[in-house]
$ cat structure06.pdb   # PDB, C-alpha atoms
ATOM      1  CA  MET A   1       0.000   0.000   0.000  1.00  0.00           C
ATOM      2  CA  LEU A   2       2.762   2.464   0.998  1.00  0.00           C
ATOM      3  CA  GLU A   3       6.415   2.146  -0.026  1.00  0.00           C
ATOM      4  CA  ILE A   4       9.023   4.738   0.936  1.00  0.00           C
ATOM      5  CA  LYS A   5      12.626   4.409  -0.240  1.00  0.00           C
ATOM      6  CA  GLY A   6      15.617   6.543   0.665  1.00  0.00           C
ATOM      7  CA  LEU A   7      13.437   9.518   1.607  1.00  0.00           C
ATOM      8  CA  LYS A   8      15.218  12.768   2.414  1.00  0.00           C
ATOM      9  CA  VAL A   9      13.170  15.822   3.352  1.00  0.00           C
ATOM     10  CA  GLU A  10      14.141  19.441   3.949  1.00  0.00           C
ATOM     11  CA  VAL A  11      12.227  22.117   5.858  1.00  0.00           C
ATOM     12  CA  GLU A  12      13.333  25.697   5.176  1.00  0.00           C
ATOM     13  CA  GLY A  13      16.697  24.501   3.872  1.00  0.00           C
ATOM     14  CA  ARG A  14      17.438  22.152   6.772  1.00  0.00           C
ATOM     15  CA  GLU A  15      17.449  18.396   6.165  1.00  0.00           C
ATOM     16  CA  ILE A  16      15.140  16.682   8.686  1.00  0.00           C
ATOM     17  CA  LEU A  17      14.828  13.156   7.247  1.00  0.00           C
ATOM     18  CA  HIS A  18      18.054  11.451   6.203  1.00  0.00           C
ATOM     19  CA  GLY A  19      17.078   8.478   4.065  1.00  0.00           C
ATOM     20  CA  VAL A  20      13.954   6.783   5.439  1.00  0.00           C
ATOM     21  CA  ASP A  21      12.827   3.363   4.192  1.00  0.00           C
ATOM     22  CA  LEU A  22       9.351   2.147   5.158  1.00  0.00           C
ATOM     23  CA  SER A  23       6.859  -0.322   3.717  1.00  0.00           C
ATOM     24  CA  ILE A  24       3.265  -0.808   4.940  1.00  0.00           C
ATOM     25  CA  ASP A  25       1.142  -3.603   3.510  1.00  0.00           C
ATOM     26  CA  CYS A  26      -2.617  -3.662   3.047  1.00  0.00           C
ATOM     27  CA  GLY A  27      -4.359  -4.223   6.378  1.00  0.00           C
ATOM     28  CA  GLN A  28      -1.311  -3.376   8.486  1.00  0.00           C
ATOM     29  CA  THR A  29      -1.032  -0.746  11.206  1.00  0.00           C
ATOM     30  CA  HIS A  30       2.419   0.618  11.997  1.00  0.00           C
ATOM     31  CA  VAL A  31       3.276   2.786  14.988  1.00  0.00           C
ATOM     32  CA  LEU A  32       6.127   5.289  15.080  1.00  0.00           C
ATOM     33  CA  PHE A  33       7.877   6.142  18.354  1.00  0.00           C
ATOM     34  CA  GLY A  34      10.426   8.865  18.904  1.00  0.00           C
ATOM     35  CA  MET A  35      11.427  11.912  20.891  1.00  0.00           C
ATOM     36  CA  ASN A  36       9.947  15.304  20.076  1.00  0.00           C
ATOM     37  CA  GLY A  37      11.862  16.785  17.158  1.00  0.00           C
ATOM     38  CA  SER A  38      13.049  13.436  15.806  1.00  0.00           C
ATOM     39  CA  GLY A  39      11.250  13.859  12.453  1.00  0.00           C
ATOM     40  CA  LYS A  40       8.037  11.884  12.973  1.00  0.00           C
ATOM     41  CA  THR A  41       5.618  14.629  11.953  1.00  0.00           C
ATOM     42  CA  THR A  42       7.879  15.613   9.056  1.00  0.00           C
ATOM     43  CA  LEU A  43       7.469  12.083   7.671  1.00  0.00           C
ATOM     44  CA  LEU A  44       3.670  12.306   7.784  1.00  0.00           C
ATOM     45  CA  MET A  45       3.638  15.795   6.278  1.00  0.00           C
ATOM     46  CA  ALA A  46       5.890  14.627   3.432  1.00  0.00           C
ATOM     47  CA  ILE A  47       3.609  11.662   2.711  1.00  0.00           C
ATOM     48  CA  MET A  48       0.618  14.027   2.675  1.00  0.00           C
ATOM     49  CA  GLY A  49       2.452  16.408   0.335  1.00  0.00           C
ATOM     50  CA  PHE A  50       2.596  19.692   2.239  1.00  0.00           C
ATOM     51  CA  PRO A  51       4.833  22.001   0.177  1.00  0.00           C
ATOM     52  CA  ARG A  52       6.868  23.247   3.173  1.00  0.00           C
ATOM     53  CA  TYR A  53       8.258  19.689   3.460  1.00  0.00           C
ATOM     54  CA  ARG A  54      10.459  19.392   0.379  1.00  0.00           C
ATOM     55  CA  VAL A  55      11.509  15.943  -0.794  1.00  0.00           C
ATOM     56  CA  THR A  56      15.123  16.148  -1.974  1.00  0.00           C
ATOM     57  CA  ALA A  57      15.811  12.445  -2.558  1.00  0.00           C
ATOM     58  CA  GLY A  58      14.034   9.107  -2.546  1.00  0.00           C
ATOM     59  CA  SER A  59      10.458   8.233  -3.379  1.00  0.00           C
ATOM     60  CA  ILE A  60       6.994   7.767  -1.872  1.00  0.00           C
ATOM     61  CA  ARG A  61       4.717   5.308  -3.671  1.00  0.00           C
ATOM     62  CA  PHE A  62       1.089   4.742  -2.725  1.00  0.00           C
ATOM     63  CA  LYS A  63      -0.851   1.844  -4.261  1.00  0.00           C
ATOM     64  CA  GLY A  64       1.999   1.606  -6.770  1.00  0.00           C
ATOM     65  CA  GLN A  65       1.831   5.264  -7.845  1.00  0.00           C
ATOM     66  CA  ASP A  66       4.709   7.678  -7.348  1.00  0.00           C
ATOM     67  CA  LEU A  67       3.371  10.670  -5.406  1.00  0.00           C
ATOM     68  CA  ALA A  68       6.050  13.107  -6.602  1.00  0.00           C
ATOM     69  CA  GLY A  69       4.482  16.324  -7.839  1.00  0.00           C
ATOM     70  CA  LEU A  70       0.987  15.564  -6.521  1.00  0.00           C
ATOM     71  CA  SER A  71      -0.713  18.202  -4.354  1.00  0.00           C
ATOM     72  CA  VAL A  72      -2.287  17.563  -0.959  1.00  0.00           C
ATOM     73  CA  ASP A  73      -5.823  17.374  -2.384  1.00  0.00           C
ATOM     74  CA  GLU A  74      -4.724  15.005  -5.157  1.00  0.00           C
ATOM     75  CA  ARG A  75      -3.225  12.669  -2.562  1.00  0.00           C
ATOM     76  CA  ALA A  76      -6.396  12.884  -0.487  1.00  0.00           C
ATOM     77  CA  ARG A  77      -8.461  11.906  -3.539  1.00  0.00           C
ATOM     78  CA  LEU A  78      -6.167   8.907  -4.068  1.00  0.00           C
ATOM     79  CA  GLY A  79      -7.083   7.735  -0.559  1.00  0.00           C
ATOM     80  CA  ILE A  80      -4.669   9.279   1.967  1.00  0.00           C
ATOM     81  CA  GLY A  81      -6.148  10.910   5.063  1.00  0.00           C
ATOM     82  CA  MET A  82      -4.519  12.576   8.058  1.00  0.00           C
ATOM     83  CA  MET A  83      -5.377  13.498  11.644  1.00  0.00           C
ATOM     84  CA  PHE A  84      -3.177  16.369  12.787  1.00  0.00           C
ATOM     85  CA  GLN A  85      -1.683  16.718  16.229  1.00  0.00           C
ATOM     86  CA  ARG A  86      -2.687  20.398  16.368  1.00  0.00           C
ATOM     87  CA  PRO A  87      -5.204  21.134  13.609  1.00  0.00           C
ATOM     88  CA  PRO A  88      -5.977  24.793  12.919  1.00  0.00           C
ATOM     89  CA  THR A  89      -9.133  26.668  13.823  1.00  0.00           C
ATOM     90  CA  VAL A  90     -10.977  27.563  10.613  1.00  0.00           C
ATOM     91  CA  ARG A  91     -13.233  30.591  11.055  1.00  0.00           C
ATOM     92  CA  GLY A  92     -16.122  31.053   8.640  1.00  0.00           C
ATOM     93  CA  ILE A  93     -16.471  27.376   7.650  1.00  0.00           C
ATOM     94  CA  LYS A  94     -18.828  25.105   9.569  1.00  0.00           C
ATOM     95  CA  LEU A  95     -17.941  21.528  10.395  1.00  0.00           C
ATOM     96  CA  MET A  96     -20.955  20.332   8.372  1.00  0.00           C
ATOM     97  CA  GLN A  97     -19.795  22.332   5.330  1.00  0.00           C
ATOM     98  CA  MET A  98     -16.352  20.749   5.550  1.00  0.00           C
ATOM     99  CA  ALA A  99     -17.773  17.239   5.940  1.00  0.00           C
ATOM    100  CA  ARG A 100     -19.917  17.729   2.818  1.00  0.00           C
ATOM    101  CA  LEU A 101     -16.914  18.907   0.792  1.00  0.00           C
ATOM    102  CA  ILE A 102     -14.765  15.875   1.577  1.00  0.00           C
ATOM    103  CA  PRO A 103     -14.345  13.466  -1.362  1.00  0.00           C
ATOM    104  CA  ALA A 104     -15.803  10.206  -0.031  1.00  0.00           C
ATOM    105  CA  ARG A 105     -15.530   6.706  -1.459  1.00  0.00           C
ATOM    106  CA  GLU A 106     -19.122   6.021  -0.406  1.00  0.00           C
ATOM    107  CA  GLU A 107     -21.888   8.190   0.951  1.00  0.00           C
ATOM    108  CA  ARG A 108     -22.121   8.347   4.743  1.00  0.00           C
ATOM    109  CA  ASP A 109     -24.852   9.982   6.819  1.00  0.00           C
ATOM    110  CA  ILE A 110     -22.968  12.857   8.422  1.00  0.00           C
ATOM    111  CA  ASN A 111     -25.673  13.479  11.009  1.00  0.00           C
ATOM    112  CA  VAL A 112     -25.546   9.852  12.159  1.00  0.00           C
ATOM    113  CA  LEU A 113     -21.742   9.887  12.390  1.00  0.00           C
ATOM    114  CA  ALA A 114     -21.814  13.186  14.282  1.00  0.00           C
ATOM    115  CA  GLY A 115     -24.352  11.745  16.721  1.00  0.00           C
ATOM    116  CA  GLU A 116     -22.165   8.689  17.361  1.00  0.00           C
ATOM    117  CA  LEU A 117     -19.162  10.955  18.016  1.00  0.00           C
ATOM    118  CA  ASN A 118     -21.173  13.323  20.250  1.00  0.00           C
ATOM    119  CA  LEU A 119     -20.687  16.114  17.713  1.00  0.00           C
ATOM    120  CA  ALA A 120     -24.294  16.790  16.685  1.00  0.00           C
ATOM    121  CA  ASP A 121     -24.222  20.192  18.409  1.00  0.00           C
ATOM    122  CA  PHE A 122     -20.939  21.106  16.690  1.00  0.00           C
ATOM    123  CA  LEU A 123     -21.954  20.692  13.035  1.00  0.00           C
ATOM    124  CA  GLU A 124     -23.008  24.327  12.668  1.00  0.00           C
ATOM    125  CA  ARG A 125     -19.986  25.702  14.529  1.00  0.00           C
ATOM    126  CA  ASP A 126     -16.773  27.005  12.949  1.00  0.00           C
ATOM    127  CA  ILE A 127     -14.241  24.198  12.645  1.00  0.00           C
ATOM    128  CA  ASN A 128     -12.391  23.689  15.948  1.00  0.00           C
ATOM    129  CA  HIS A 129     -13.301  27.169  17.236  1.00  0.00           C
ATOM    130  CA  GLY A 130     -13.684  26.896  21.001  1.00  0.00           C
ATOM    131  CA  PHE A 131     -13.405  23.093  20.866  1.00  0.00           C
ATOM    132  CA  SER A 132     -11.701  21.183  23.681  1.00  0.00           C
ATOM    133  CA  GLY A 133      -8.833  18.784  22.917  1.00  0.00           C
ATOM    134  CA  GLY A 134     -11.154  15.789  22.794  1.00  0.00           C
ATOM    135  CA  GLU A 135     -13.717  17.629  20.665  1.00  0.00           C
ATOM    136  CA  ILE A 136     -11.020  18.594  18.152  1.00  0.00           C
ATOM    137  CA  LYS A 137      -9.900  14.969  17.853  1.00  0.00           C
ATOM    138  CA  ARG A 138     -13.490  13.813  17.371  1.00  0.00           C
ATOM    139  CA  SER A 139     -13.979  16.525  14.730  1.00  0.00           C
ATOM    140  CA  GLU A 140     -10.899  15.229  12.898  1.00  0.00           C
ATOM    141  CA  LEU A 141     -12.234  11.680  13.177  1.00  0.00           C
ATOM    142  CA  LEU A 142     -15.594  12.696  11.720  1.00  0.00           C
ATOM    143  CA  GLN A 143     -13.855  14.101   8.661  1.00  0.00           C
ATOM    144  CA  LEU A 144     -11.710  10.970   8.261  1.00  0.00           C
ATOM    145  CA  LEU A 145     -14.727   8.683   8.623  1.00  0.00           C
ATOM    146  CA  VAL A 146     -16.502  10.579   5.842  1.00  0.00           C
ATOM    147  CA  GLN A 147     -13.406  10.364   3.617  1.00  0.00           C
ATOM    148  CA  ASP A 148     -12.761   6.681   4.442  1.00  0.00           C
ATOM    149  CA  PRO A 149      -9.118   6.753   3.255  1.00  0.00           C
ATOM    150  CA  ASN A 150      -7.062   3.660   2.417  1.00  0.00           C
ATOM    151  CA  LEU A 151      -4.039   5.086   4.241  1.00  0.00           C
ATOM    152  CA  VAL A 152      -4.737   6.674   7.635  1.00  0.00           C
ATOM    153  CA  LEU A 153      -2.008   8.936   9.061  1.00  0.00           C
ATOM    154  CA  LEU A 154      -2.499   9.768  12.756  1.00  0.00           C
ATOM    155  CA  ASP A 155      -0.223  12.286  14.476  1.00  0.00           C
ATOM    156  CA  GLU A 156      -0.392  11.672  18.243  1.00  0.00           C
ATOM    157  CA  PRO A 157      -4.146  10.928  18.421  1.00  0.00           C
ATOM    158  CA  GLU A 158      -3.975  10.736  22.241  1.00  0.00           C
ATOM    159  CA  SER A 159      -2.480  14.237  22.623  1.00  0.00           C
ATOM    160  CA  GLY A 160      -4.678  16.508  24.771  1.00  0.00           C
ATOM    161  CA  VAL A 161      -7.387  13.877  25.173  1.00  0.00           C
ATOM    162  CA  ASP A 162      -8.869  12.705  28.493  1.00  0.00           C
ATOM    163  CA  MET A 163      -9.587   9.038  29.228  1.00  0.00           C
ATOM    164  CA  GLU A 164     -13.311   9.248  28.418  1.00  0.00           C
ATOM    165  CA  ASN A 165     -12.663  10.756  24.988  1.00  0.00           C
ATOM    166  CA  MET A 166      -9.782   8.350  24.402  1.00  0.00           C
ATOM    167  CA  GLN A 167     -12.180   5.408  24.611  1.00  0.00           C
ATOM    168  CA  VAL A 168     -14.399   6.882  21.878  1.00  0.00           C
ATOM    169  CA  ILE A 169     -11.460   7.936  19.722  1.00  0.00           C
ATOM    170  CA  GLY A 170      -9.844   4.515  20.023  1.00  0.00           C
ATOM    171  CA  GLU A 171     -13.080   2.792  19.010  1.00  0.00           C
ATOM    172  CA  TYR A 172     -13.454   4.840  15.826  1.00  0.00           C
ATOM    173  CA  ILE A 173      -9.777   4.612  14.904  1.00  0.00           C
ATOM    174  CA  ARG A 174     -10.196   0.827  15.046  1.00  0.00           C
ATOM    175  CA  SER A 175     -13.188   1.210  12.738  1.00  0.00           C
ATOM    176  CA  LEU A 176     -11.183   3.373  10.312  1.00  0.00           C
ATOM    177  CA  LEU A 177      -8.434   0.756  10.250  1.00  0.00           C
ATOM    178  CA  GLN A 178     -10.992  -2.046   9.760  1.00  0.00           C
ATOM    179  CA  LYS A 179      -9.847  -3.860  12.901  1.00  0.00           C
ATOM    180  CA  ASP A 180     -13.259  -5.550  13.044  1.00  0.00           C
ATOM    181  CA  ARG A 181     -12.354  -7.465   9.873  1.00  0.00           C
ATOM    182  CA  ARG A 182     -10.081 -10.495   9.824  1.00  0.00           C
ATOM    183  CA  ARG A 183      -9.783 -10.469   6.049  1.00  0.00           C
ATOM    184  CA  THR A 184     -10.448  -8.179   3.074  1.00  0.00           C
ATOM    185  CA  ARG A 185      -8.919  -5.143   4.760  1.00  0.00           C
ATOM    186  CA  ASP A 186      -8.011  -2.463   2.208  1.00  0.00           C
ATOM    187  CA  HIS A 187      -6.967   0.130   4.803  1.00  0.00           C
ATOM    188  CA  CYS A 188      -3.638   0.586   6.531  1.00  0.00           C
ATOM    189  CA  GLY A 189      -2.336   3.052   9.091  1.00  0.00           C
ATOM    190  CA  LEU A 190       0.728   4.872  10.368  1.00  0.00           C
ATOM    191  CA  ILE A 191       0.358   6.222  13.902  1.00  0.00           C
ATOM    192  CA  ILE A 192       2.776   8.596  15.614  1.00  0.00           C
ATOM    193  CA  THR A 193       2.834   8.304  19.391  1.00  0.00           C
ATOM    194  CA  HIS A 194       5.070   9.816  22.041  1.00  0.00           C
ATOM    195  CA  THR A 195       3.366   8.199  25.042  1.00  0.00           C
ATOM    196  CA  GLY A 196       2.122   4.925  23.544  1.00  0.00           C
ATOM    197  CA  TYR A 197      -1.328   5.276  25.158  1.00  0.00           C
ATOM    198  CA  ILE A 198      -3.026   4.715  21.805  1.00  0.00           C
ATOM    199  CA  LEU A 199      -1.835   1.083  21.911  1.00  0.00           C
ATOM    200  CA  ASP A 200      -4.225   0.490  24.819  1.00  0.00           C
ATOM    201  CA  HIS A 201      -7.039   1.018  22.305  1.00  0.00           C
ATOM    202  CA  VAL A 202      -5.649   0.147  18.856  1.00  0.00           C
ATOM    203  CA  GLU A 203      -3.592  -2.937  18.046  1.00  0.00           C
ATOM    204  CA  ALA A 204      -0.514  -2.292  15.897  1.00  0.00           C
ATOM    205  CA  ASP A 205       1.378  -4.837  13.809  1.00  0.00           C
ATOM    206  CA  VAL A 206       4.829  -3.236  13.583  1.00  0.00           C
ATOM    207  CA  GLY A 207       6.634  -0.604  15.633  1.00  0.00           C
ATOM    208  CA  HIS A 208       9.466   1.698  14.578  1.00  0.00           C
ATOM    209  CA  VAL A 209      11.729   4.093  16.473  1.00  0.00           C
ATOM    210  CA  MET A 210      12.837   7.320  14.804  1.00  0.00           C
ATOM    211  CA  CYS A 211      15.977   9.099  16.012  1.00  0.00           C
ATOM    212  CA  ASP A 212      17.457  12.179  14.361  1.00  0.00           C
ATOM    213  CA  GLY A 213      15.503  11.735  11.139  1.00  0.00           C
ATOM    214  CA  ARG A 214      16.228   8.025  10.694  1.00  0.00           C
ATOM    215  CA  LEU A 215      14.260   4.852  11.403  1.00  0.00           C
ATOM    216  CA  VAL A 216      16.755   3.099  13.626  1.00  0.00           C
ATOM    217  CA  CYS A 217      14.891  -0.103  14.511  1.00  0.00           C
ATOM    218  CA  SER A 218      11.628  -1.973  13.990  1.00  0.00           C
ATOM    219  CA  GLY A 219       9.886  -4.748  15.846  1.00  0.00           C
ATOM    220  CA  ASN A 220       7.019  -5.781  18.092  1.00  0.00           C
ATOM    221  CA  PRO A 221       5.338  -2.484  19.089  1.00  0.00           C
ATOM    222  CA  ARG A 222       4.381  -3.522  22.626  1.00  0.00           C
ATOM    223  CA  GLU A 223       7.833  -4.867  23.415  1.00  0.00           C
ATOM    224  CA  MET A 224       9.370  -1.686  22.042  1.00  0.00           C
ATOM    225  CA  LEU A 225       7.016   0.467  24.106  1.00  0.00           C
ATOM    226  CA  GLU A 226       7.862  -1.427  27.293  1.00  0.00           C
ATOM    227  CA  ASP A 227      11.565  -0.945  26.600  1.00  0.00           C
ATOM    228  CA  ILE A 228      11.091   2.780  25.903  1.00  0.00           C
ATOM    229  CA  ARG A 229       9.070   3.236  29.096  1.00  0.00           C
ATOM    230  CA  GLU A 230      11.737   1.459  31.100  1.00  0.00           C
ATOM    231  CA  ASN A 231      14.848   2.962  29.541  1.00  0.00           C
ATOM    232  CA  GLY A 232      13.710   6.081  27.678  1.00  0.00           C
ATOM    233  CA  PHE A 233      14.566   7.227  24.156  1.00  0.00           C
ATOM    234  CA  GLU A 234      18.094   8.085  25.231  1.00  0.00           C
ATOM    235  CA  GLU A 235      18.795   4.351  25.389  1.00  0.00           C
ATOM    236  CA  CYS A 236      17.659   4.123  21.751  1.00  0.00           C
ATOM    237  CA  SER A 237      20.201   6.812  20.836  1.00  0.00           C
ATOM    238  CA  ARG A 238      22.955   4.995  22.724  1.00  0.00           C
ATOM    239  CA  CYS A 239      22.003   1.738  21.003  1.00  0.00           C
ATOM    240  CA  VAL A 240      22.344   3.366  17.600  1.00  0.00           C
ATOM    241  CA  ARG A 241      25.695   4.916  18.487  1.00  0.00           C
TER     242      ARG A 241
END
$ encode --input "structure06.pdb" --output "structure tokens"
Amino acid sequence: MLEIKGLKVEVEGREILHGVDLSIDCGQTHVLFGMNGSGKTTLLMAIMGFPRYRVTAGSIRFKGQDLAGLSVDERARLGIGMMFQRPPTVRGIKLMQMARLIPAREERDINVLAGELNLADFLERDINHGFSGGEIKRSELLQLLVQDPNLVLLDEPESGVDMENMQVIGEYIRSLLQKDRRRTRDHCGLIITHTGYILDHVEADVGHVMCDGRLVCSGNPREMLEDIRENGFEECSRCVR
């Protein structure tokens, strides 16, 4: 589904990613650990095609297609969706208007989805304006559920979310990633986490650690999380050195 080879990315003239290789198969969920500033968000932004994140070497292929030169909206139409760690407030556009504009693979009842996510009273409000952390995450989830992307990119979905909201968010992330299916999954996911709390709600297949713009190791995500919690990311840096 997603194949990244030798990816180097610059932001404002500074190289952040130094040759990343990553492959995610259909139906798989990968989780990406790493210290703040290690390059995790840069990787997601480069996959999504934000122009500030300039690819200087390597390639990103999605469903066999090279994404070079494609804009953010073109990648979204191909089936890539993203939940941001800190999405912007958008004044003058209602959440319902945004949900109706999203290119969807199949028609979904927005009112029903909003009701399930406890967002019915937010549909006629400006996007994220005055929303709490949990409400912002649920707003992002509503938009992703309408889009129904094949590749789901989640940047710290547990950030700023209390335990009650985390339960709801975890349930619908599992739905997005088709965790209720044992076969015929055509979705995959890449989840950034700093704390690892999301793994209490969403099962991941493969874990990776990013240090200084490189993927330095991969393995069982729960074992890696236990090791990180016990020894910290500094031990990962020492291991690499």
$ residues_around --input "structure06.pdb" --residues "Ile192 (chain A)" --least-positions-apart "4" --cutoff "12 Å" --atoms "all atoms listed in the file" --output "PyMOL selection string"
chain A and resi 29-36+38-45+82-85+152-159+196-199+204+207-210+221
$ residues_around --input "structure06.pdb" --residues "region 126-138 of chain A" --least-positions-apart "6" --cutoff "8 Å" --atoms "all atoms listed in the file" --output "list in words"
Met83, Pro87, Pro88, Thr89, Val90, Arg91, Gly92, Ile93, Lys94, Leu95, Leu117, Leu119, Pro157, Ser159, Gly160, Val161, Asp162, Asn165, Met166 and Ile169 of chain A
$ resolve_selection --input "structure06.pdb" --expression "the PyMOL selection byres ((chain A and resi 6-10) around 6)" --output "PyMOL selection string"
chain A and resi 5+11+13-21+53-59
$ resolve_selection --input "structure06.pdb" --expression "the PyMOL selection byres ((chain A and resi 150) around 9)" --output "list in words"
Met1, Cys26, Leu78, Gly79, Ile80, Gly81, Asp148, Pro149, Leu151, Val152, Leu176, Leu177, Asp186, His187, Cys188 and Gly189 of chain A
$ resolve_selection --input "structure06.pdb" --expression "the PyMOL selection byres ((chain A and resi 146) around 8)" --output "NGL selection string"
:A and (99 or 102 or 104 or 107-108 or 110 or 142-145 or 147-148)
$ closest_residue --input "structure06.pdb" --among "A:Gly27, A:Glu12, A:Ile4, A:Arg77" --to "Ile60 (chain A)" --atoms "only C-alpha atoms"
A:Ile4
$ closest_residue --input "structure06.pdb" --among "A:Asp227, A:Glu106, A:Gln97, A:Ile173" --to "Phe122 (chain A)" --atoms "all atoms listed in the file"
A:Gln97
$ closest_residue --input "structure06.pdb" --among "A:Gly170, A:Arg86, A:Met224, A:Ala46" --to "Ala68 (chain A)" --atoms "only C-alpha atoms"
A:Ala46
$ atom_distance --input "structure06.pdb" --atom1 "CA of Cys217 (chain A)" --atom2 "CA of Leu2 (chain A)"
18.3 Å
$ closest_residue --input "structure06.pdb" --among "A:Leu225, A:Asp200, A:Met96, A:Asp66" --to "Asp109 (chain A)" --atoms "all atoms listed in the file"
A:Met96
$ axis_aligned_box --input "structure06.pdb" --around "region 60-76 of chain A" --padding-each-side "4 Å" --output "AutoDock Vina command-line options"
--center_x 0.3 --center_y 9.9 --center_z -4.2 --size_x 21.4 --size_y 24.6 --size_z 15.4
$ closest_residue --input "structure06.pdb" --among "A:Asn118, A:Ser23, A:Ser71, A:Asn220" --to "Ser139 (chain A)" --atoms "all atoms listed in the file"
A:Asn118
$ closest_residue --input "structure06.pdb" --among "A:Ser218, A:Pro103, A:Glu203, A:Ala120" --to "Arg75 (chain A)" --atoms "all atoms listed in the file"
A:Pro103
$ atom_distance --input "structure06.pdb" --atom1 "CA of Leu190 (chain A)" --atom2 "CA of Arg100 (chain A)"
25.5 Å
